[in-house]
Every structure is written in structure tokens, then in C-alpha cells.
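Coordinates as given in query-v9.pdb (PDB, C-alpha atoms):
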```pdb
ATOM      1  CA  MET A1152       0.000   0.000   0.000
ATOM      2  CA  ALA A1153       2.916   2.313   0.772
ATOM      3  CA  ASP A1154       4.375   1.486  -2.617
ATOM      4  CA  ASP A1155       1.040   2.355  -4.144
ATOM      5  CA  ASP A1156       0.979   5.781  -2.546
ATOM      6  CA  PHE A1157       4.613   6.405  -3.363
ATOM      7  CA  VAL A1158       4.177   5.577  -7.047
ATOM      8  CA  ALA A1159       0.917   7.503  -7.281
ATOM      9  CA  SER A1160       2.398  10.625  -5.716
ATOM     10  CA  ARG A1161       5.458  10.538  -7.978
ATOM     11  CA  LEU A1162       3.409  10.031 -11.127
ATOM     12  CA  ARG A1163       0.899  12.726 -10.214
ATOM     13  CA  SER A1164       3.581  15.256  -9.419
ATOM     14  CA  ALA A1165       5.298  14.438 -12.708
ATOM     15  CA  ALA A1166       2.051  14.901 -14.627
ATOM     16  CA  GLN A1167       1.301  18.190 -12.883
ATOM     17  CA  GLU A1168       4.784  19.463 -13.535
ATOM     18  CA  ALA A1169       4.499  18.541 -17.209
ATOM     19  CA  GLY A1170       1.116  20.264 -17.413
ATOM     20  CA  ARG A1171       2.572  23.404 -15.872
ATOM     21  CA  ARG A1172       5.485  23.413 -18.287
ATOM     22  CA  ALA A1173       3.260  22.783 -21.294
ATOM     23  CA  LEU A1174       2.833  25.610 -23.750
ATOM     24  CA  PRO A1175      -0.454  24.857 -25.457
ATOM     25  CA  VAL A1176      -0.865  26.371 -28.881
ATOM     26  CA  ASP A1177      -3.526  28.943 -29.536
ATOM     27  CA  LEU A1178      -6.970  27.639 -30.335
ATOM     28  CA  ARG A1179      -6.850  29.349 -33.735
ATOM     29  CA  VAL A1180      -3.971  27.086 -34.704
ATOM     30  CA  ILE A1181      -6.062  24.067 -33.770
ATOM     31  CA  GLU A1182      -9.004  25.378 -35.787
ATOM     32  CA  GLU A1183      -6.833  26.148 -38.807
ATOM     33  CA  ARG A1184      -5.307  22.679 -38.732
ATOM     34  CA  GLY A1185      -8.746  21.179 -38.346
ATOM     35  CA  ARG A1186     -10.042  23.079 -41.382
ATOM     36  CA  ARG A1187      -7.029  22.054 -43.423
ATOM     37  CA  ARG A1188      -7.515  18.460 -42.396
ATOM     38  CA  ARG A1189     -11.178  18.593 -43.384
ATOM     39  CA  ARG A1190     -10.373  20.146 -46.762
ATOM     40  CA  ARG A1191      -7.764  17.493 -47.417
ATOM     41  CA  ARG A1192     -10.198  14.726 -46.543
ATOM     42  CA  HIS A1193     -12.877  16.190 -48.794
ATOM     43  CA  ALA A1194     -10.376  16.465 -51.622
ATOM     44  CA  VAL A1195      -9.419  12.835 -51.193
ATOM     45  CA  PHE A1196     -13.089  11.829 -51.222
ATOM     46  CA  ALA A1197     -13.754  13.892 -54.342
ATOM     47  CA  ALA A1198     -10.749  12.486 -56.158
ATOM     48  CA  THR A1199     -11.731   8.948 -55.235
ATOM     49  CA  GLY A1200     -15.299   9.556 -56.420
ATOM     50  CA  ALA A1201     -14.157  11.043 -59.714
ATOM     51  CA  PHE A1202     -11.776   8.171 -60.320
ATOM     52  CA  CYS A1203     -14.426   5.547 -59.570
ATOM     53  CA  GLY A1204     -17.015   7.399 -61.689
ATOM     54  CA  ALA A1205     -14.674   7.593 -64.644
ATOM     55  CA  GLY A1206     -13.905   3.914 -64.265
ATOM     56  CA  ALA A1207     -17.615   3.068 -64.152
ATOM     57  CA  VAL A1208     -18.314   5.100 -67.316
ATOM     58  CA  ALA A1209     -15.415   3.485 -69.134
ATOM     59  CA  LEU A1210     -16.602   0.037 -68.080
ATOM     60  CA  ALA A1211     -20.155   0.778 -69.240
ATOM     61  CA  LEU A1212     -18.925   2.020 -72.618
ATOM     62  CA  TRP A1213     -16.717  -0.999 -73.053
ATOM     63  CA  ALA A1214     -19.519  -3.404 -72.103
ATOM     64  CA  GLY A1215     -22.069  -1.709 -74.408
ATOM     65  CA  ALA A1216     -19.917  -1.590 -77.520
ATOM     66  CA  PRO A1217     -20.885  -4.104 -80.301
ATOM     67  CA  ARG A1218     -18.474  -6.930 -80.579
ATOM     68  CA  TYR A1219     -17.302  -8.581 -83.778
ATOM     69  CA  GLU A1220     -18.874 -11.971 -84.182
ATOM     70  CA  PRO A1221     -18.033 -14.228 -87.107
ATOM     71  CA  PRO A1222     -21.037 -15.226 -89.220
ATOM     72  CA  ALA A1223     -22.498 -18.570 -88.337
ATOM     73  CA  ALA A1224     -21.900 -21.347 -90.797
ATOM     74  CA  PRO A1225     -25.004 -22.673 -92.561
ATOM     75  CA  HIS A1226     -26.171 -26.124 -91.519
ATOM     76  CA  GLY A1227     -25.511 -29.127 -93.749
ATOM     77  CA  VAL A1228     -22.591 -27.746 -95.676
ATOM     78  CA  SER A1229     -20.004 -28.104 -93.034
ATOM     79  CA  SER A1230     -17.622 -29.780 -95.488
ATOM     80  CA  SER A1231     -17.325 -26.574 -97.423
ATOM     81  CA  SER A1232     -16.565 -24.534 -94.344
ATOM     82  CA  PRO A1233     -13.027 -23.309 -94.530
ATOM     83  CA  ARG A1234     -12.612 -23.027 -90.774
ATOM     84  CA  VAL A1235     -13.321 -26.629 -89.817
ATOM     85  CA  PRO A1236     -11.101 -29.054 -91.652
ATOM     86  CA  THR A1237     -12.808 -32.352 -92.200
ATOM     87  CA  PRO A1238     -10.869 -35.569 -92.261
ATOM     88  CA  THR A1239     -10.522 -36.974 -95.712
ATOM     89  CA  VAL A1240      -9.696 -40.494 -96.649
ATOM     90  CA  THR A1241      -7.445 -40.571 -99.607
ATOM     91  CA  THR A1242      -6.763 -43.455-101.800
ATOM     92  CA  THR A1243      -3.185 -44.062-102.503
ATOM     93  CA  ASP A1244      -2.432 -45.345-105.903
ATOM     94  CA  GLY A1245       1.120 -44.086-105.850
ATOM     95  CA  GLY A1246       3.106 -42.894-102.864
ATOM     96  CA  PRO A1247       2.362 -43.246 -99.196
ATOM     97  CA  PRO A1248      -0.158 -40.939 -97.586
ATOM     98  CA  ALA A1249       0.919 -38.036 -95.480
ATOM     99  CA  ASP A1250      -0.624 -39.409 -92.318
ATOM    100  CA  PRO A1251      -0.651 -43.178 -92.285
ATOM    101  CA  THR A1252      -1.970 -43.497 -88.765
ATOM    102  CA  ARG A1253      -5.013 -41.515 -89.632
ATOM    103  CA  LEU A1254      -5.787 -43.863 -92.465
ATOM    104  CA  ALA A1255      -5.147 -46.948 -90.399
ATOM    105  CA  SER A1256      -7.616 -46.032 -87.699
ATOM    106  CA  PRO A1257     -10.937 -47.745 -88.100
ATOM    107  CA  PRO A1258     -13.961 -45.655 -88.950
ATOM    108  CA  PRO A1259     -15.952 -44.596 -85.903
ATOM    109  CA  THR A1260     -18.849 -46.801 -85.133
ATOM    110  CA  PRO A1261     -21.612 -45.774 -82.821
ATOM    111  CA  GLY A1262     -21.467 -47.833 -79.691
ATOM    112  CA  PRO A1263     -24.300 -48.606 -77.353
ATOM    113  CA  SER A1264     -23.143 -45.963 -74.911
ATOM    114  CA  ASP A1265     -22.660 -43.294 -77.521
ATOM    115  CA  PRO A1266     -25.768 -41.118 -77.446
ATOM    116  CA  ALA A1267     -25.051 -39.000 -80.488
ATOM    117  CA  PRO A1268     -24.293 -40.528 -83.865
ATOM    118  CA  PRO A1269     -21.171 -39.290 -85.527
ATOM    119  CA  SER A1270     -21.337 -36.748 -88.224
ATOM    120  CA  PRO A1271     -21.771 -38.117 -91.724
ATOM    121  CA  PRO A1272     -18.589 -38.852 -93.609
ATOM    122  CA  PRO A1273     -17.373 -36.266 -96.019
ATOM    123  CA  SER A1274     -19.129 -36.433 -99.257
ATOM    124  CA  ARG A1275     -16.470 -35.025-101.512
ATOM    125  CA  SER A1276     -13.958 -37.787-101.225
ATOM    126  CA  PRO A1277     -14.823 -41.021-102.932
ATOM    127  CA  ARG A1278     -15.331 -44.041-100.833
ATOM    128  CA  PRO A1279     -12.310 -46.297-101.022
ATOM    129  CA  SER A1280     -12.772 -49.174-103.335
ATOM    130  CA  PRO A1281     -11.727 -52.651-102.353
ATOM    131  CA  ASP A1282      -9.012 -52.490-104.957
ATOM    132  CA  ALA A1283      -7.406 -49.458-103.410
ATOM    133  CA  THR A1284      -4.276 -50.050-101.495
ATOM    134  CA  VAL A1285      -4.002 -48.740 -98.018
ATOM    135  CA  THR A1286      -0.629 -48.399 -96.449
ATOM    136  CA  LEU A1287      -0.479 -49.586 -92.894
ATOM    137  CA  PRO A1288       2.202 -48.602 -90.460
ATOM    138  CA  PRO A1289       4.707 -51.249 -89.581
ATOM    139  CA  VAL A1290       3.826 -53.175 -86.486
TER
ATOM    140  CA  MET B1345     -20.496  21.028 -28.750
ATOM    141  CA  THR B1346     -20.443  24.542 -30.138
ATOM    142  CA  ASP B1347     -17.327  26.525 -30.965
ATOM    143  CA  GLU B1348     -17.531  28.400 -27.687
ATOM    144  CA  GLU B1349     -17.935  25.188 -25.703
ATOM    145  CA  PHE B1350     -15.000  23.694 -27.518
ATOM    146  CA  ALA B1351     -12.855  26.715 -26.661
ATOM    147  CA  VAL B1352     -13.730  26.342 -22.977
ATOM    148  CA  PHE B1353     -13.109  22.613 -23.104
ATOM    149  CA  TYR B1354      -9.729  23.170 -24.745
ATOM    150  CA  GLY B1355      -8.668  25.742 -22.190
ATOM    151  CA  HIS B1356      -9.627  23.555 -19.259
ATOM    152  CA  THR B1357      -8.185  20.248 -20.360
ATOM    153  CA  VAL B1358      -5.154  20.790 -22.568
ATOM    154  CA  ARG B1359      -2.616  21.077 -19.754
ATOM    155  CA  ARG B1360      -4.072  18.210 -17.779
ATOM    156  CA  LEU B1361      -4.107  15.983 -20.832
ATOM    157  CA  THR B1362      -0.539  16.937 -21.681
ATOM    158  CA  GLY B1363       0.540  15.883 -18.210
ATOM    159  CA  GLN B1364      -1.308  12.595 -18.466
ATOM    160  CA  LEU B1365       0.177  11.878 -21.871
ATOM    161  CA  TYR B1366       3.595  12.766 -20.561
ATOM    162  CA  VAL B1367       3.265   9.992 -18.001
ATOM    163  CA  MET B1368       2.045   7.631 -20.704
ATOM    164  CA  THR B1369       4.784   8.406 -23.211
ATOM    165  CA  GLY B1370       7.678   9.458 -20.999
ATOM    166  CA  ASP B1371       8.451  12.225 -23.510
ATOM    167  CA  PHE B1372       7.305  15.789 -22.954
ATOM    168  CA  HIS B1373       7.457  16.970 -26.567
ATOM    169  CA  GLU B1374       5.842  13.809 -27.822
ATOM    170  CA  ALA B1375       3.026  14.359 -25.324
ATOM    171  CA  GLN B1376       2.470  17.917 -26.537
ATOM    172  CA  ASP B1377       2.421  16.804 -30.170
ATOM    173  CA  VAL B1378      -0.065  13.992 -29.752
ATOM    174  CA  VAL B1379      -2.367  16.086 -27.560
ATOM    175  CA  GLN B1380      -2.384  18.856 -30.161
ATOM    176  CA  GLU B1381      -3.138  16.396 -32.954
ATOM    177  CA  ALA B1382      -5.904  14.815 -30.880
ATOM    178  CA  PHE B1383      -7.468  18.235 -30.328
ATOM    179  CA  VAL B1384      -7.326  18.904 -34.073
ATOM    180  CA  ARG B1385      -9.301  15.717 -34.652
ATOM    181  CA  ALA B1386     -11.661  16.613 -31.837
ATOM    182  CA  TRP B1387     -12.324  20.022 -33.428
ATOM    183  CA  ASP B1388     -13.153  18.284 -36.685
ATOM    184  CA  ARG B1389     -15.920  16.316 -34.978
ATOM    185  CA  ARG B1390     -16.820  18.711 -32.185
ATOM    186  CA  HIS B1391     -20.545  18.603 -33.013
ATOM    187  CA  ARG B1392     -20.664  14.880 -32.230
ATOM    188  CA  LEU B1393     -18.324  14.919 -29.267
ATOM    189  CA  ARG B1394     -20.956  14.986 -26.544
ATOM    190  CA  GLN B1395     -22.419  11.649 -27.590
ATOM    191  CA  GLY B1396     -19.456   9.574 -26.446
ATOM    192  CA  PRO B1397     -18.300   8.682 -22.955
ATOM    193  CA  GLY B1398     -16.841  12.137 -22.530
ATOM    194  CA  PRO B1399     -14.851  14.561 -24.612
ATOM    195  CA  GLU B1400     -11.812  14.405 -22.373
ATOM    196  CA  ALA B1401     -11.702  10.616 -22.446
ATOM    197  CA  TRP B1402     -12.142  10.736 -26.219
ATOM    198  CA  VAL B1403      -9.209  13.119 -26.683
ATOM    199  CA  ARG B1404      -7.069  11.122 -24.265
ATOM    200  CA  THR B1405      -7.810   7.879 -26.120
ATOM    201  CA  VAL B1406      -7.020   9.431 -29.499
ATOM    202  CA  ALA B1407      -3.799  10.920 -28.164
ATOM    203  CA  ARG B1408      -2.791   7.603 -26.619
ATOM    204  CA  ARG B1409      -3.405   5.769 -29.898
ATOM    205  CA  LEU B1410      -1.427   8.375 -31.796
ATOM    206  CA  ALA B1411       1.427   7.908 -29.349
ATOM    207  CA  VAL B1412       1.288   4.141 -29.809
ATOM    208  CA  SER B1413       1.357   4.530 -33.603
ATOM    209  CA  ARG B1414       4.343   6.848 -33.429
ATOM    210  CA  TRP B1415       6.125   4.548 -31.015
ATOM    211  CA  ARG B1416       5.638   1.603 -33.383
ATOM    212  CA  ARG B1417       6.921   3.667 -36.297
ATOM    213  CA  VAL B1418      10.001   4.644 -34.328
ATOM    214  CA  LEU B1419      10.538   1.042 -33.311
ATOM    215  CA  ARG B1420      10.351  -0.115 -36.943
ATOM    216  CA  GLY B1421      12.783   2.609 -37.945
ATOM    217  CA  ARG B1422      15.206   1.515 -35.264
ATOM    218  CA  GLN B1423      14.957  -2.092 -36.387
ATOM    219  CA  LEU B1424      15.612  -1.120 -39.996
ATOM    220  CA  GLY B1425      18.532   1.035 -38.935
ATOM    221  CA  ARG B1426      19.936  -1.784 -36.899
ATOM    222  CA  ARG B1427      19.775  -4.048 -39.914
ATOM    223  CA  SER B1428      21.282  -1.605 -42.377
ATOM    224  CA  THR B1429      24.015  -0.036 -40.273
ATOM    225  CA  ALA B1430      26.585  -1.342 -37.915
ATOM    226  CA  ALA B1431      25.676  -1.747 -34.309
ATOM    227  CA  THR B1432      26.202   1.413 -32.302
ATOM    228  CA  SER B1433      26.585   1.466 -28.586
ATOM    229  CA  VAL B1434      23.696   3.075 -26.738
ATOM    230  CA  GLU B1435      24.632   4.757 -23.531
ATOM    231  CA  GLY B1436      22.641   3.863 -20.475
ATOM    232  CA  PRO B1437      20.929   6.470 -18.371
ATOM    233  CA  ASP B1438      23.198   8.615 -16.319
ATOM    234  CA  PRO B1439      22.617   7.743 -12.645
ATOM    235  CA  GLY B1440      22.729  11.381 -11.697
ATOM    236  CA  MET B1441      20.042  12.320 -14.215
ATOM    237  CA  VAL B1442      17.620   9.578 -13.409
ATOM    238  CA  ASP B1443      14.169  11.005 -13.052
ATOM    239  CA  ILE B1444      10.621   9.979 -13.452
ATOM    240  CA  ALA B1445      10.829  10.108 -17.245
ATOM    241  CA  ALA B1446      13.641   7.595 -17.292
ATOM    242  CA  ALA B1447      11.722   5.409 -14.891
ATOM    243  CA  LEU B1448       8.667   5.576 -17.121
ATOM    244  CA  ARG B1449      10.664   4.673 -20.200
ATOM    245  CA  ARG B1450      11.766   1.488 -18.496
ATOM    246  CA  LEU B1451       8.180   0.297 -18.388
ATOM    247  CA  PRO B1452       6.605  -1.535 -21.296
ATOM    248  CA  LEU B1453       4.023   0.474 -23.169
ATOM    249  CA  ARG B1454       0.911  -1.162 -21.752
ATOM    250  CA  GLN B1455       2.169  -1.081 -18.190
ATOM    251  CA  ARG B1456       2.892   2.620 -18.613
ATOM    252  CA  HIS B1457      -0.579   3.320 -19.977
ATOM    253  CA  CYS B1458      -2.297   1.349 -17.238
ATOM    254  CA  ALA B1459      -0.239   3.086 -14.543
ATOM    255  CA  ALA B1460      -0.967   6.520 -15.989
ATOM    256  CA  LEU B1461      -4.689   5.895 -16.285
ATOM    257  CA  PHE B1462      -4.918   4.377 -12.808
ATOM    258  CA  TYR B1463      -2.638   6.681 -10.811
ATOM    259  CA  VAL B1464      -2.816   9.966 -12.715
ATOM    260  CA  CYS B1465      -6.278   9.946 -14.288
ATOM    261  CA  ASP B1466      -7.846   8.355 -11.190
ATOM    262  CA  LEU B1467      -9.711   5.735 -13.145
ATOM    263  CA  SER B1468     -10.812   2.489 -11.566
ATOM    264  CA  VAL B1469      -9.396  -0.830 -12.727
ATOM    265  CA  GLU B1470     -12.608  -1.512 -14.624
ATOM    266  CA  ALA B1471     -12.479   1.881 -16.318
ATOM    267  CA  VAL B1472      -8.838   1.330 -17.257
ATOM    268  CA  ALA B1473      -9.796  -2.029 -18.726
ATOM    269  CA  ALA B1474     -12.621  -0.442 -20.696
ATOM    270  CA  GLU B1475     -10.434   2.364 -22.031
ATOM    271  CA  THR B1476      -7.492   0.171 -22.995
ATOM    272  CA  GLY B1477      -9.503  -2.792 -24.212
ATOM    273  CA  LEU B1478      -7.741  -5.179 -21.849
ATOM    274  CA  ALA B1479      -9.203  -7.660 -19.388
ATOM    275  CA  VAL B1480      -9.515  -6.626 -15.749
ATOM    276  CA  GLY B1481      -7.053  -9.289 -14.647
ATOM    277  CA  THR B1482      -4.556  -8.162 -17.260
ATOM    278  CA  VAL B1483      -4.837  -4.576 -16.037
ATOM    279  CA  LYS B1484      -4.226  -5.690 -12.449
ATOM    280  CA  SER B1485      -1.181  -7.647 -13.568
ATOM    281  CA  HIS B1486       0.185  -4.677 -15.508
ATOM    282  CA  LEU B1487      -0.393  -2.376 -12.544
ATOM    283  CA  SER B1488       1.371  -4.720 -10.156
ATOM    284  CA  ARG B1489       4.412  -5.043 -12.413
ATOM    285  CA  ALA B1490       4.549  -1.330 -13.115
ATOM    286  CA  ARG B1491       4.358  -0.560  -9.423
ATOM    287  CA  ALA B1492       7.167  -2.985  -8.660
ATOM    288  CA  THR B1493       9.396  -1.608 -11.401
ATOM    289  CA  LEU B1494       8.788   2.025 -10.518
ATOM    290  CA  THR B1495       9.296   1.398  -6.817
ATOM    291  CA  SER B1496      12.547  -0.438  -7.335
ATOM    292  CA  TYR B1497      13.778   2.267  -9.688
ATOM    293  CA  LEU B1498      12.630   5.379  -7.860
ATOM    294  CA  ALA B1499      12.941   4.385  -4.208
ATOM    295  CA  PRO B1500      16.785   4.275  -4.166
ATOM    296  CA  GLN B1501      16.827   7.808  -5.583
ATOM    297  CA  VAL B1502      14.606   8.997  -2.768
ATOM    298  CA  HIS B1503      16.665   7.235  -0.123
ATOM    299  CA  SER B1504      19.928   8.603  -1.487
ATOM    300  CA  ALA B1505      18.472  12.106  -1.657
ATOM    301  CA  GLU B1506      17.252  11.843   1.929
ATOM    302  CA  ALA B1507      20.663  10.594   3.057
ATOM    303  CA  HIS B1508      22.326  13.424   1.157
ATOM    304  CA  ASP B1509      20.036  15.984   2.801
ATOM    305  CA  GLY B1510      20.479  14.484   6.218
TER
END
```

In C-alpha cells, write the structure found in this file.
Amino acid sequence: MADDDFVASRLRSAAQEAGRRALPVDLRVIEERGRRRRRRRHAVFAATGAFCGAGAVALALWAGAPRYEPPAAPHGVSSSSPRVPTPTVTTTDGGPPADPTRLASPPPTPGPSDPAPPSPPPSRSPRPSPDATVTLPPV
Amino acid sequence: MTDEEFAVFYGHTVRRLTGQLYVMTGDFHEAQDVVQEAFVRAWDRRHRLRQGPGPEAWVRTVARRLAVSRWRRVLRGRQLGRRSTAATSVEGPDPGMVDIAAALRRLPLRQRHCAALFYVCDLSVEAVAAETGLAVGTVKSHLSRARATLTSYLAPQVHSAEAHDG
């Protein structure tokens, strides 16, 4: 308890001494700093609002602009579409084909679990005749 | 709070708050700076100041938080300086110049704040806990340690001064 009183008296006397020595600034200085602080805060708010508004306008303009969309290909003539290359089976009377593995793969057959039938084979290439030679890759 | 009320409030409390913050910070100029900045913020919101627990407690809390922020900034700067430059020897306090400020600087920050609020501002332990955001038991622990440190540091000075006078 004596320690308590001793510490309390020393701290209180130190605080009173510091308060006596303090030279508080004039209230007008406080008010001027407060006004400046308020102006600065308002300027920051205004700048932030302008920046966000400009960003919102730019985003709206960008989202509303018409985009380029390629024309849709007509149905049923997909073989003539230049963008989708269709596999072609070539008969080789002379040299080997460019892609032997492609030729060696069996034609796709719809299985029981396949829900969608495959697209029809290309109509431009002739169907390979039994006489045509097909080069198989070496096993 | 009107402008006139704020002027009266400022005139009545600025010295007392500077003294309290001096005990909390252990630095007279630092105490003056943070009290002035806290009053600037109080002026900015003077029309809403009556709604809180009390304008003086509000200013004291703002000043204390400003002091803590500055102290952390200084601490980070010291750590960076210690990393970038060679270690420099820091002189200890001169035994002849030991005073209450040096004793306060020996206390950790929270112990110093609790001691200042309890002994200087005359707040109860519960009020100190509410103002600092600490638990009541933690405040009691901080107060006990601060009291022990301050007593062990200040009591020999008193005894030596009494012996010198006698």
C-alpha cells in the first residue's frame, strides 16, 4: 500500500509538472489545422469519387460496344466450311499418304453408350474401293 | 459542442491531458504533439463529441493511440537502422540524471498506460480495462508489475536524496 501511494504521488507530481510546463498552442492554430484536415479529406473523397465514376463510365462504354462476331456457318454444308477441316480419306495409288496413322484407324462406329451418332462422312472424297491399297504402319 | 464550448473545453483540459500523456509516453514533446493532434481531430468532430463517454476521455484515447502509432513507427525505424548499419553502442541512463521520465521509459508500453490511467487519471481498474480494451485481470497484472518496477527504480533515488540531505 505504501508502494502504491509512493508511485501515485510521484506520477501525479510528474504529470502536474508537465502540465505546468506545457505551452499549449492557440486555439486558432487548432481550428486552422482542423479546417485544413477537413479540406484534405474532402479532396481525397472527391478524387476517389471522380476516379471511380470515370472507371464506371469506361466500363459501361466498353460493355455496351458491339463486338465482332463471325457469321455462323449454314447447316448441312459443313464440309465446305473453310474453318473446320474435315478428315478426308485418300486413296493411294502411288506414294504413301501423309498421315498413315489416320488412315489406319478404323472408322468410328456408334457404340451402345454413344448417345449421339457421328457426323456423316465427307461427301467429296470417294469411298475407297476394295481395290485401293491402303498403307499400314509397320507393327 | 459549439465553438464556444469547444474553446472552454480546450482551455480547461489541454494542460491536464498533456501531463497525463507525458506519463504515458515518458516524452514531454511527444506528449504535446499527440495532444495537439488529438485536439485537431476533436475540433473536426466537435458537433458529435458529446455523444461519447466524454470529450476528455475521447481526446485522451485518441492521443494515446497516436502515441502508440508513433512509437511503433520509431521502433520499426530503429529495427531497420539496426539491420542496415553497424551496431552502435547506446549509452545507459546517467545515474545522476535519473528522473521519473527515465523510470517511465523502463516500463513496457501497456504497463505505462495502465499506470498513468490508474494513478494519474484516477480511473478504476474496470475503467482502465474499458479504455485500454484489456481484461480486468490483465490490467491488475500490468499495474502490479509497473508498481514494482517504478518502486525499485525510484525508491533508491529517494533514499539517497534523503541521506544526502540528512

Practice item. Compute the chain B side of the contact with chain A at 9 Å, counting only C-alpha atoms, and hand it back as a ChimeraX atom specification. Key: /B:1351,1354-1355,1358-1367,1372-1373,1376,1380-1381,1383-1388,1444-1445,1459-1460,1462-1465,1491-1492,1494-1495,1498-1499

Review point. Selected by the PyMOL selection byres ((chain B and resi 1404) around 8) in the shown coordinates: which residues, as a PyMOL selection string?
Key: chain B and resi 1361+1365+1379+1382+1400-1403+1405-1408

**Study point:** Polymer residues at most 10 Å from (0.6, 1.3, -18.3) by only C-alpha atoms, as a PyMOL selection string
**Key:** chain B and resi 1367-1369+1448+1451-1463+1472+1476+1483+1486-1487+1489-1491

Review point. So what do you get for atom CA of Arg1389 of chain B versus atom CA of Thr1346 of chain B, distance-wise?
Key: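 Between these atoms lies a distance of 10.6 Å.
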
Revision key, fill the gap. One decimal place gives the atom CA of Trp1415 of chain B-atom CA of Asp1371 of chain B separation as 11.0 Å

Check your understanding: Distance atom CA of Leu1210 of chain A-atom CA of Arg1192 of chain A, one decimal place?
Key ->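 Between atom CA of Leu1210 of chain A and atom CA of Arg1192 of chain A the gap is 26.8 Å.
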